[in-house]
>>> print(open('model-v6.txt').read())   # compact mmCIF, N, CA and C atoms
# COMPACT_ATOMS: atom_id res chain seq x y z
N MET I 1 242.52 100.82 10.95
CA MET I 1 243.25 99.67 11.45
C MET I 1 243.37 99.78 12.95
N GLN I 2 243.08 98.71 13.63
CA GLN I 2 243.09 98.71 15.08
C GLN I 2 244.51 98.57 15.61
N SER I 3 244.89 99.39 16.56
CA SER I 3 246.21 99.31 17.17
C SER I 3 246.18 98.29 18.29
N ARG I 4 247.11 97.37 18.27
CA ARG I 4 247.18 96.35 19.31
C ARG I 4 248.21 96.75 20.35
N LYS I 5 247.96 96.36 21.57
CA LYS I 5 248.88 96.63 22.66
C LYS I 5 250.00 95.60 22.65
N ILE I 6 251.16 96.03 23.11
CA ILE I 6 252.29 95.11 23.24
C ILE I 6 252.20 94.41 24.58
N LYS I 7 252.27 93.10 24.57
CA LYS I 7 252.28 92.33 25.82
C LYS I 7 253.71 92.28 26.33
N HIS I 8 253.87 92.54 27.62
CA HIS I 8 255.20 92.53 28.22
C HIS I 8 255.54 91.10 28.62
N ASN I 9 256.03 90.35 27.64
CA ASN I 9 256.40 88.96 27.88
C ASN I 9 257.75 88.71 27.22
N PHE I 10 258.68 88.18 28.00
CA PHE I 10 260.08 88.06 27.56
C PHE I 10 260.21 87.26 26.28
N ALA I 11 259.50 86.17 26.16
CA ALA I 11 259.59 85.32 24.96
C ALA I 11 259.17 86.09 23.72
N GLY I 12 258.17 86.94 23.84
CA GLY I 12 257.73 87.74 22.70
C GLY I 12 258.80 88.72 22.25
N PHE I 13 259.51 89.31 23.20
CA PHE I 13 260.58 90.25 22.87
C PHE I 13 261.75 89.52 22.20
N ILE I 14 262.07 88.33 22.70
CA ILE I 14 263.14 87.52 22.09
C ILE I 14 262.75 87.15 20.67
N LYS I 15 261.52 86.72 20.48
CA LYS I 15 261.04 86.35 19.14
C LYS I 15 261.11 87.55 18.19
N ALA I 16 260.68 88.71 18.66
CA ALA I 16 260.73 89.92 17.83
C ALA I 16 262.18 90.29 17.50
N GLY I 17 263.08 90.12 18.46
CA GLY I 17 264.49 90.40 18.22
C GLY I 17 265.09 89.46 17.18
N LEU I 18 264.74 88.18 17.28
CA LEU I 18 265.22 87.21 16.29
C LEU I 18 264.68 87.53 14.90
N GLN I 19 263.42 87.86 14.82
CA GLN I 19 262.80 88.18 13.52
C GLN I 19 263.44 89.43 12.91
N ALA I 20 263.60 90.47 13.71
CA ALA I 20 264.20 91.70 13.20
C ALA I 20 265.67 91.46 12.83
N GLY I 21 266.38 90.69 13.64
CA GLY I 21 267.78 90.38 13.36
C GLY I 21 267.94 89.59 12.07
N PHE I 22 267.05 88.62 11.87
CA PHE I 22 267.10 87.84 10.63
C PHE I 22 266.82 88.75 9.44
N LEU I 23 265.82 89.59 9.56
CA LEU I 23 265.44 90.49 8.46
C LEU I 23 266.57 91.45 8.11
N VAL I 24 267.15 92.11 9.11
CA VAL I 24 268.24 93.04 8.82
C VAL I 24 269.47 92.28 8.35
N GLY I 25 269.65 91.05 8.81
CA GLY I 25 270.75 90.23 8.33
C GLY I 25 270.64 89.96 6.84
N VAL I 26 269.45 89.63 6.39
CA VAL I 26 269.22 89.38 4.96
C VAL I 26 269.50 90.66 4.15
N VAL I 27 268.99 91.77 4.61
CA VAL I 27 269.20 93.03 3.90
C VAL I 27 270.69 93.38 3.86
N ASN I 28 271.38 93.19 4.98
CA ASN I 28 272.81 93.51 5.01
C ASN I 28 273.64 92.54 4.18
N ILE I 29 273.23 91.29 4.08
CA ILE I 29 273.94 90.35 3.21
C ILE I 29 273.76 90.76 1.75
N ILE I 30 272.57 91.17 1.39
CA ILE I 30 272.34 91.65 0.02
C ILE I 30 273.23 92.86 -0.26
N TRP I 31 273.30 93.80 0.69
CA TRP I 31 274.17 94.97 0.51
C TRP I 31 275.64 94.55 0.46
N PHE I 32 276.04 93.62 1.32
CA PHE I 32 277.42 93.13 1.34
C PHE I 32 277.79 92.53 -0.02
N LEU I 33 276.92 91.69 -0.57
CA LEU I 33 277.18 91.09 -1.88
C LEU I 33 277.22 92.14 -2.98
N PHE I 34 276.27 93.06 -2.94
CA PHE I 34 276.24 94.15 -3.93
C PHE I 34 277.53 94.96 -3.86
N SER I 35 277.94 95.32 -2.66
CA SER I 35 279.13 96.17 -2.48
C SER I 35 280.41 95.46 -2.90
N THR I 36 280.53 94.20 -2.52
CA THR I 36 281.78 93.50 -2.81
C THR I 36 281.85 92.99 -4.25
N LYS I 37 280.73 92.57 -4.80
CA LYS I 37 280.74 91.98 -6.15
C LYS I 37 280.54 93.01 -7.26
N LEU I 38 279.68 93.99 -7.04
CA LEU I 38 279.38 94.95 -8.10
C LEU I 38 280.12 96.28 -7.95
N LEU I 39 280.36 96.69 -6.71
CA LEU I 39 281.08 97.95 -6.48
C LEU I 39 282.58 97.70 -6.23
N PHE I 40 282.95 96.42 -6.13
CA PHE I 40 284.35 96.00 -5.95
C PHE I 40 285.00 96.63 -4.72
N ILE I 41 284.26 96.64 -3.63
CA ILE I 41 284.79 97.12 -2.35
C ILE I 41 285.40 95.93 -1.64
N ASP I 42 286.64 96.09 -1.21
CA ASP I 42 287.32 95.01 -0.49
C ASP I 42 286.84 94.98 0.95
N ALA I 43 286.38 93.81 1.37
CA ALA I 43 285.98 93.62 2.76
C ALA I 43 287.12 92.91 3.48
N PRO I 44 287.40 93.29 4.71
CA PRO I 44 288.43 92.57 5.48
C PRO I 44 288.06 91.10 5.62
N GLU I 45 289.06 90.26 5.88
CA GLU I 45 288.84 88.82 5.97
C GLU I 45 287.81 88.44 7.02
N ASN I 46 287.79 89.15 8.14
CA ASN I 46 286.88 88.79 9.23
C ASN I 46 285.45 89.28 9.02
N ILE I 47 285.20 89.97 7.92
CA ILE I 47 283.83 90.39 7.61
C ILE I 47 283.36 89.61 6.39
N ASN I 48 282.39 88.75 6.63
CA ASN I 48 281.83 87.92 5.57
C ASN I 48 280.34 87.75 5.83
N MET I 49 279.68 86.98 5.00
CA MET I 49 278.22 86.84 5.15
C MET I 49 277.83 86.22 6.49
N LEU I 50 278.61 85.27 6.98
CA LEU I 50 278.30 84.64 8.26
C LEU I 50 278.46 85.64 9.41
N SER I 51 279.57 86.38 9.40
CA SER I 51 279.78 87.34 10.50
C SER I 51 278.73 88.45 10.47
N VAL I 52 278.33 88.86 9.27
CA VAL I 52 277.29 89.89 9.14
C VAL I 52 275.97 89.36 9.71
N SER I 53 275.61 88.13 9.35
CA SER I 53 274.35 87.54 9.83
C SER I 53 274.34 87.40 11.34
N ILE I 54 275.40 86.83 11.88
CA ILE I 54 275.46 86.62 13.33
C ILE I 54 275.41 87.95 14.07
N THR I 55 276.15 88.93 13.59
CA THR I 55 276.17 90.24 14.25
C THR I 55 274.78 90.87 14.25
N CYS I 56 274.09 90.81 13.12
CA CYS I 56 272.75 91.40 13.04
C CYS I 56 271.80 90.74 14.03
N ILE I 57 271.84 89.42 14.11
CA ILE I 57 270.93 88.70 15.01
C ILE I 57 271.28 88.99 16.47
N VAL I 58 272.56 88.95 16.82
CA VAL I 58 272.97 89.20 18.20
C VAL I 58 272.61 90.63 18.63
N VAL I 59 272.90 91.60 17.78
CA VAL I 59 272.58 92.99 18.11
C VAL I 59 271.07 93.17 18.29
N ALA I 60 270.28 92.61 17.37
CA ALA I 60 268.82 92.74 17.49
C ALA I 60 268.31 92.07 18.76
N LEU I 61 268.87 90.92 19.12
CA LEU I 61 268.47 90.25 20.36
C LEU I 61 268.81 91.11 21.58
N LEU I 62 270.00 91.66 21.61
CA LEU I 62 270.40 92.52 22.74
C LEU I 62 269.50 93.75 22.84
N VAL I 63 269.19 94.34 21.70
CA VAL I 63 268.32 95.52 21.69
C VAL I 63 266.91 95.13 22.16
N ALA I 64 266.42 93.98 21.73
CA ALA I 64 265.09 93.52 22.16
C ALA I 64 265.05 93.28 23.66
N VAL I 65 266.11 92.71 24.21
CA VAL I 65 266.17 92.50 25.66
C VAL I 65 266.20 93.86 26.38
N GLY I 66 266.96 94.80 25.85
CA GLY I 66 266.97 96.15 26.41
C GLY I 66 265.59 96.78 26.38
N PHE I 67 264.88 96.57 25.27
CA PHE I 67 263.52 97.10 25.14
C PHE I 67 262.59 96.44 26.16
N TYR I 68 262.79 95.16 26.41
CA TYR I 68 261.98 94.45 27.41
C TYR I 68 262.11 95.12 28.78
N PHE I 69 263.34 95.47 29.16
CA PHE I 69 263.55 96.09 30.47
C PHE I 69 263.14 97.56 30.49
N LEU I 70 263.24 98.23 29.35
CA LEU I 70 262.83 99.63 29.25
C LEU I 70 261.31 99.78 29.27
N PHE I 71 260.64 98.84 28.64
CA PHE I 71 259.21 98.91 28.36
C PHE I 71 258.34 99.33 29.55
N PRO I 72 258.44 98.70 30.72
CA PRO I 72 257.53 99.09 31.82
C PRO I 72 257.95 100.36 32.56
N ARG I 73 259.10 100.92 32.22
CA ARG I 73 259.65 102.04 32.98
C ARG I 73 259.37 103.41 32.39
N VAL I 74 258.84 103.47 31.18
CA VAL I 74 258.59 104.77 30.54
C VAL I 74 257.15 104.83 30.06
N LYS I 75 256.68 106.07 29.90
CA LYS I 75 255.30 106.28 29.49
C LYS I 75 255.03 105.90 28.04
N LYS I 76 255.93 106.27 27.13
CA LYS I 76 255.78 105.97 25.71
C LYS I 76 256.96 105.11 25.27
N PRO I 77 256.91 103.80 25.59
CA PRO I 77 258.09 102.95 25.38
C PRO I 77 258.53 102.83 23.92
N VAL I 78 257.60 102.78 22.98
CA VAL I 78 257.99 102.61 21.58
C VAL I 78 258.72 103.86 21.09
N LEU I 79 258.21 105.02 21.43
CA LEU I 79 258.85 106.27 21.03
C LEU I 79 260.24 106.40 21.64
N VAL I 80 260.36 106.11 22.90
CA VAL I 80 261.66 106.18 23.59
C VAL I 80 262.61 105.14 23.00
N PHE I 81 262.12 103.93 22.78
CA PHE I 81 262.94 102.87 22.19
C PHE I 81 263.47 103.29 20.82
N ARG I 82 262.61 103.79 19.97
CA ARG I 82 263.04 104.20 18.63
C ARG I 82 264.04 105.35 18.69
N GLY I 83 263.85 106.26 19.63
CA GLY I 83 264.81 107.36 19.81
C GLY I 83 266.18 106.84 20.24
N ILE I 84 266.19 105.90 21.16
CA ILE I 84 267.46 105.31 21.63
C ILE I 84 268.14 104.55 20.50
N VAL I 85 267.39 103.76 19.75
CA VAL I 85 267.97 103.01 18.63
C VAL I 85 268.53 103.96 17.58
N PHE I 86 267.82 105.05 17.30
CA PHE I 86 268.30 106.06 16.35
C PHE I 86 269.63 106.64 16.80
N ILE I 87 269.72 107.00 18.07
CA ILE I 87 270.95 107.58 18.62
C ILE I 87 272.09 106.57 18.57
N LEU I 88 271.81 105.32 18.94
CA LEU I 88 272.84 104.28 18.89
C LEU I 88 273.31 104.03 17.46
N ALA I 89 272.38 104.07 16.50
CA ALA I 89 272.76 103.89 15.09
C ALA I 89 273.67 105.03 14.63
N LEU I 90 273.35 106.25 15.05
CA LEU I 90 274.21 107.39 14.70
C LEU I 90 275.59 107.25 15.33
N ILE I 91 275.64 106.83 16.58
CA ILE I 91 276.92 106.64 17.25
C ILE I 91 277.74 105.55 16.56
N SER I 92 277.08 104.50 16.11
CA SER I 92 277.80 103.41 15.44
C SER I 92 278.43 103.86 14.14
N LEU I 93 277.92 104.93 13.55
CA LEU I 93 278.51 105.44 12.31
C LEU I 93 279.92 105.99 12.53
N PHE I 94 280.21 106.46 13.74
CA PHE I 94 281.56 106.96 14.02
C PHE I 94 282.59 105.84 13.85
N GLY I 95 282.25 104.64 14.32
CA GLY I 95 283.15 103.50 14.15
C GLY I 95 283.28 103.09 12.70
N ALA I 96 282.18 103.20 11.96
CA ALA I 96 282.19 102.81 10.55
C ALA I 96 283.01 103.76 9.70
N THR I 97 283.20 104.98 10.17
CA THR I 97 283.94 105.98 9.39
C THR I 97 285.31 106.29 10.00
N ALA I 98 285.72 105.54 11.01
CA ALA I 98 286.95 105.84 11.74
C ALA I 98 288.22 105.64 10.92
N GLY I 99 288.20 104.78 9.92
CA GLY I 99 289.41 104.52 9.14
C GLY I 99 290.25 103.40 9.69
N THR I 100 289.87 102.89 10.87
CA THR I 100 290.55 101.73 11.44
C THR I 100 289.53 100.68 11.81
N MET I 101 289.96 99.44 11.75
CA MET I 101 289.10 98.32 12.12
C MET I 101 289.17 98.13 13.64
N PRO I 102 288.23 97.39 14.22
CA PRO I 102 288.26 97.17 15.68
C PRO I 102 289.57 96.55 16.18
N ASP I 103 290.24 95.77 15.32
CA ASP I 103 291.51 95.15 15.74
C ASP I 103 292.70 96.10 15.61
N GLY I 104 292.46 97.34 15.15
CA GLY I 104 293.52 98.34 15.04
C GLY I 104 294.13 98.45 13.65
N SER I 105 293.81 97.53 12.77
CA SER I 105 294.35 97.59 11.41
C SER I 105 293.62 98.67 10.61
N ALA I 106 294.24 99.09 9.53
CA ALA I 106 293.64 100.13 8.68
C ALA I 106 292.46 99.55 7.92
N ALA I 107 291.40 100.33 7.81
CA ALA I 107 290.22 99.91 7.04
C ALA I 107 290.57 99.95 5.55
N PRO I 108 290.05 99.00 4.78
CA PRO I 108 290.28 99.03 3.34
C PRO I 108 289.72 100.30 2.71
N GLU I 109 290.24 100.63 1.54
CA GLU I 109 289.77 101.80 0.82
C GLU I 109 288.28 101.65 0.52
N ARG I 110 287.53 102.70 0.69
CA ARG I 110 286.08 102.77 0.46
C ARG I 110 285.28 101.83 1.38
N PHE I 111 285.87 101.42 2.49
CA PHE I 111 285.17 100.54 3.42
C PHE I 111 283.92 101.21 3.97
N HIS I 112 283.95 102.53 4.12
CA HIS I 112 282.80 103.26 4.65
C HIS I 112 281.58 103.09 3.73
N VAL I 113 281.79 102.91 2.43
CA VAL I 113 280.67 102.69 1.50
C VAL I 113 279.98 101.36 1.80
N LEU I 114 280.72 100.40 2.28
CA LEU I 114 280.15 99.12 2.69
C LEU I 114 279.51 99.23 4.08
N ALA I 115 280.21 99.85 5.02
CA ALA I 115 279.80 99.82 6.42
C ALA I 115 278.66 100.76 6.79
N ILE I 116 278.67 101.99 6.28
CA ILE I 116 277.67 102.97 6.69
C ILE I 116 276.25 102.52 6.37
N PRO I 117 275.95 102.07 5.13
CA PRO I 117 274.57 101.61 4.88
C PRO I 117 274.17 100.43 5.77
N MET I 118 275.12 99.55 6.08
CA MET I 118 274.78 98.41 6.93
C MET I 118 274.37 98.87 8.32
N HIS I 119 275.03 99.88 8.84
CA HIS I 119 274.67 100.41 10.16
C HIS I 119 273.33 101.13 10.10
N ILE I 120 273.09 101.84 9.02
CA ILE I 120 271.81 102.55 8.86
C ILE I 120 270.67 101.55 8.72
N PHE I 121 270.87 100.51 7.89
CA PHE I 121 269.84 99.47 7.75
C PHE I 121 269.53 98.84 9.09
N ALA I 122 270.57 98.53 9.86
CA ALA I 122 270.36 97.89 11.16
C ALA I 122 269.54 98.79 12.08
N GLY I 123 269.88 100.07 12.14
CA GLY I 123 269.14 100.99 13.01
C GLY I 123 267.68 101.11 12.60
N ILE I 124 267.45 101.26 11.30
CA ILE I 124 266.08 101.44 10.81
C ILE I 124 265.26 100.17 11.04
N PHE I 125 265.80 99.03 10.63
CA PHE I 125 265.04 97.79 10.71
C PHE I 125 264.80 97.36 12.15
N ILE I 126 265.82 97.46 13.00
CA ILE I 126 265.65 97.07 14.40
C ILE I 126 264.69 98.01 15.10
N GLY I 127 264.86 99.31 14.90
CA GLY I 127 264.00 100.29 15.56
C GLY I 127 262.55 100.21 15.11
N TYR I 128 262.34 99.88 13.86
CA TYR I 128 260.97 99.83 13.34
C TYR I 128 260.32 98.47 13.60
N PHE I 129 261.03 97.39 13.29
CA PHE I 129 260.38 96.08 13.27
C PHE I 129 260.23 95.41 14.62
N ILE I 130 261.09 95.66 15.58
CA ILE I 130 260.89 95.00 16.89
C ILE I 130 259.53 95.40 17.48
N PRO I 131 259.21 96.69 17.60
CA PRO I 131 257.87 97.04 18.10
C PRO I 131 256.76 96.53 17.17
N LYS I 132 256.99 96.58 15.87
CA LYS I 132 255.97 96.13 14.91
C LYS I 132 255.69 94.64 15.10
N PHE I 133 256.74 93.85 15.24
CA PHE I 133 256.56 92.41 15.42
C PHE I 133 255.91 92.10 16.76
N LEU I 134 256.11 92.94 17.75
CA LEU I 134 255.48 92.73 19.05
C LEU I 134 253.98 93.05 19.01
N LYS I 135 253.56 93.91 18.11
CA LYS I 135 252.17 94.35 18.05
C LYS I 135 251.27 93.43 17.24
N LYS I 136 251.83 92.65 16.35
CA LYS I 136 250.95 91.83 15.52
C LYS I 136 251.52 90.44 15.37
N ASP I 137 250.67 89.54 15.01
CA ASP I 137 251.07 88.17 14.76
C ASP I 137 251.75 88.14 13.40
N VAL I 138 253.04 87.90 13.41
CA VAL I 138 253.82 87.94 12.18
C VAL I 138 253.37 86.86 11.21
N SER I 139 252.96 85.72 11.71
CA SER I 139 252.53 84.66 10.80
C SER I 139 251.32 85.09 9.98
N ALA I 140 250.53 86.02 10.52
CA ALA I 140 249.37 86.51 9.77
C ALA I 140 249.80 87.31 8.55
N MET I 141 251.00 87.90 8.60
CA MET I 141 251.49 88.68 7.46
C MET I 141 251.78 87.79 6.27
N PHE I 142 252.10 86.50 6.53
CA PHE I 142 252.51 85.61 5.46
C PHE I 142 251.40 84.66 4.99
N ARG I 143 250.27 84.73 5.65
CA ARG I 143 249.12 83.91 5.22
C ARG I 143 248.54 84.46 3.96
N GLN I 144 248.17 83.58 3.08
CA GLN I 144 247.54 84.01 1.85
C GLN I 144 246.04 84.11 2.07
N THR I 145 245.48 85.16 1.55
CA THR I 145 244.03 85.31 1.65
C THR I 145 243.44 84.98 0.29
N SER I 146 242.45 84.16 0.29
CA SER I 146 241.84 83.75 -0.97
C SER I 146 240.50 84.41 -1.15
>>> encode(input="model-v6.txt", output="structure tokens")
Amino acid sequence: MQSRKIKHNFAGFIKAGLQAGFLVGVVNIIWFLFSTKLLFIDAPENINMLSVSITCIVVALLVAVGFYFLFPRVKKPVLVFRGIVFILALISLFGATAGTMPDGSAAPERFHVLAIPMHIFAGIFIGYFIPKFLKKDVSAMFRQTS
């Protein structure tokens, strides 16, 4: 399989960020529904499918913009990008396990079971798919070959 080069074009990075954000949003919504409906984990009022979706897309867009600015400054941008995303995902786990919500209220019981996988999914999907989407035409992935 031929490796394609990433073009340093802002619109492409935004598009990749939107695609990765949408993808991780779908995965996190599935986990949110599974956790709340089947595992009976109580989610705080301000965490719902809409807030999960918006957060995933905004975070992926911000990370893609960061990657755009990082890209020309390092020798191996994809490797460095994935390392940074991995570290940020690990750091985000501290907030997910803190026992308090960002507004200072106590986290619901077993909230970490809901939050930790969502942060891991976000780190993996954003770190993997943004460079992947930049390297290939995503529409080609969905074309049917006869």
>>> residues_around(input="model-v6.txt", residues="segment 121-129 of chain I", least_positions_apart="4", cutoff="7 Å", atoms="only C-alpha atoms", output="ChimeraX atom specification")
/I:20,24,60,82,85-86,89,117,133
>>> atom_distance(input="model-v6.txt", atom1="atom CA of Pro131 of chain I", atom2="atom CA of Leu114 of chain I")
27.2 Å
>>> select_by_dssp(input="model-v6.txt", residues="segment 18-49 of chain I", states="alpha helix (DSSP H)", output="list in words")
Leu18, Gln19, Ala20, Gly21, Phe22, Leu23, Val24, Gly25, Val26, Val27, Asn28, Ile29, Ile30, Trp31, Phe32, Leu33 and Met49 of chain I
>>> atom_distance(input="model-v6.txt", atom1="atom CA of Met49 of chain I", atom2="atom CA of Ile29 of chain I")
5.9 Å
>>> closest_atom_pairs(input="model-v6.txt", of="segment 59-96 of chain I", to="segment 10-13 of chain I", cutoff="6.5 Å", atoms="only N, CA and C atoms", output="tab-separated table")
residue	atom	partner	partner_atom	distance
I:Ala64	CA	I:Phe13	C	5.2
I:Val65	N	I:Phe13	C	5.8
I:Tyr68	CA	I:Phe13	CA	6.3
>>> atom_distance(input="model-v6.txt", atom1="atom CA of Leu62 of chain I", atom2="atom CA of Val113 of chain I")
25.7 Å
>>> closest_residue(input="model-v6.txt", among="I:Ser51, I:Glu109, I:Met118, I:Pro77", to="Ala96 of chain I", atoms="only C-alpha atoms")
I:Met118
>>> closest_residue(input="model-v6.txt", among="I:His8, I:Gln19, I:Thr36, I:Ile30", to="Ile130 of chain I", atoms="only N, CA and C atoms")
I:Gln19
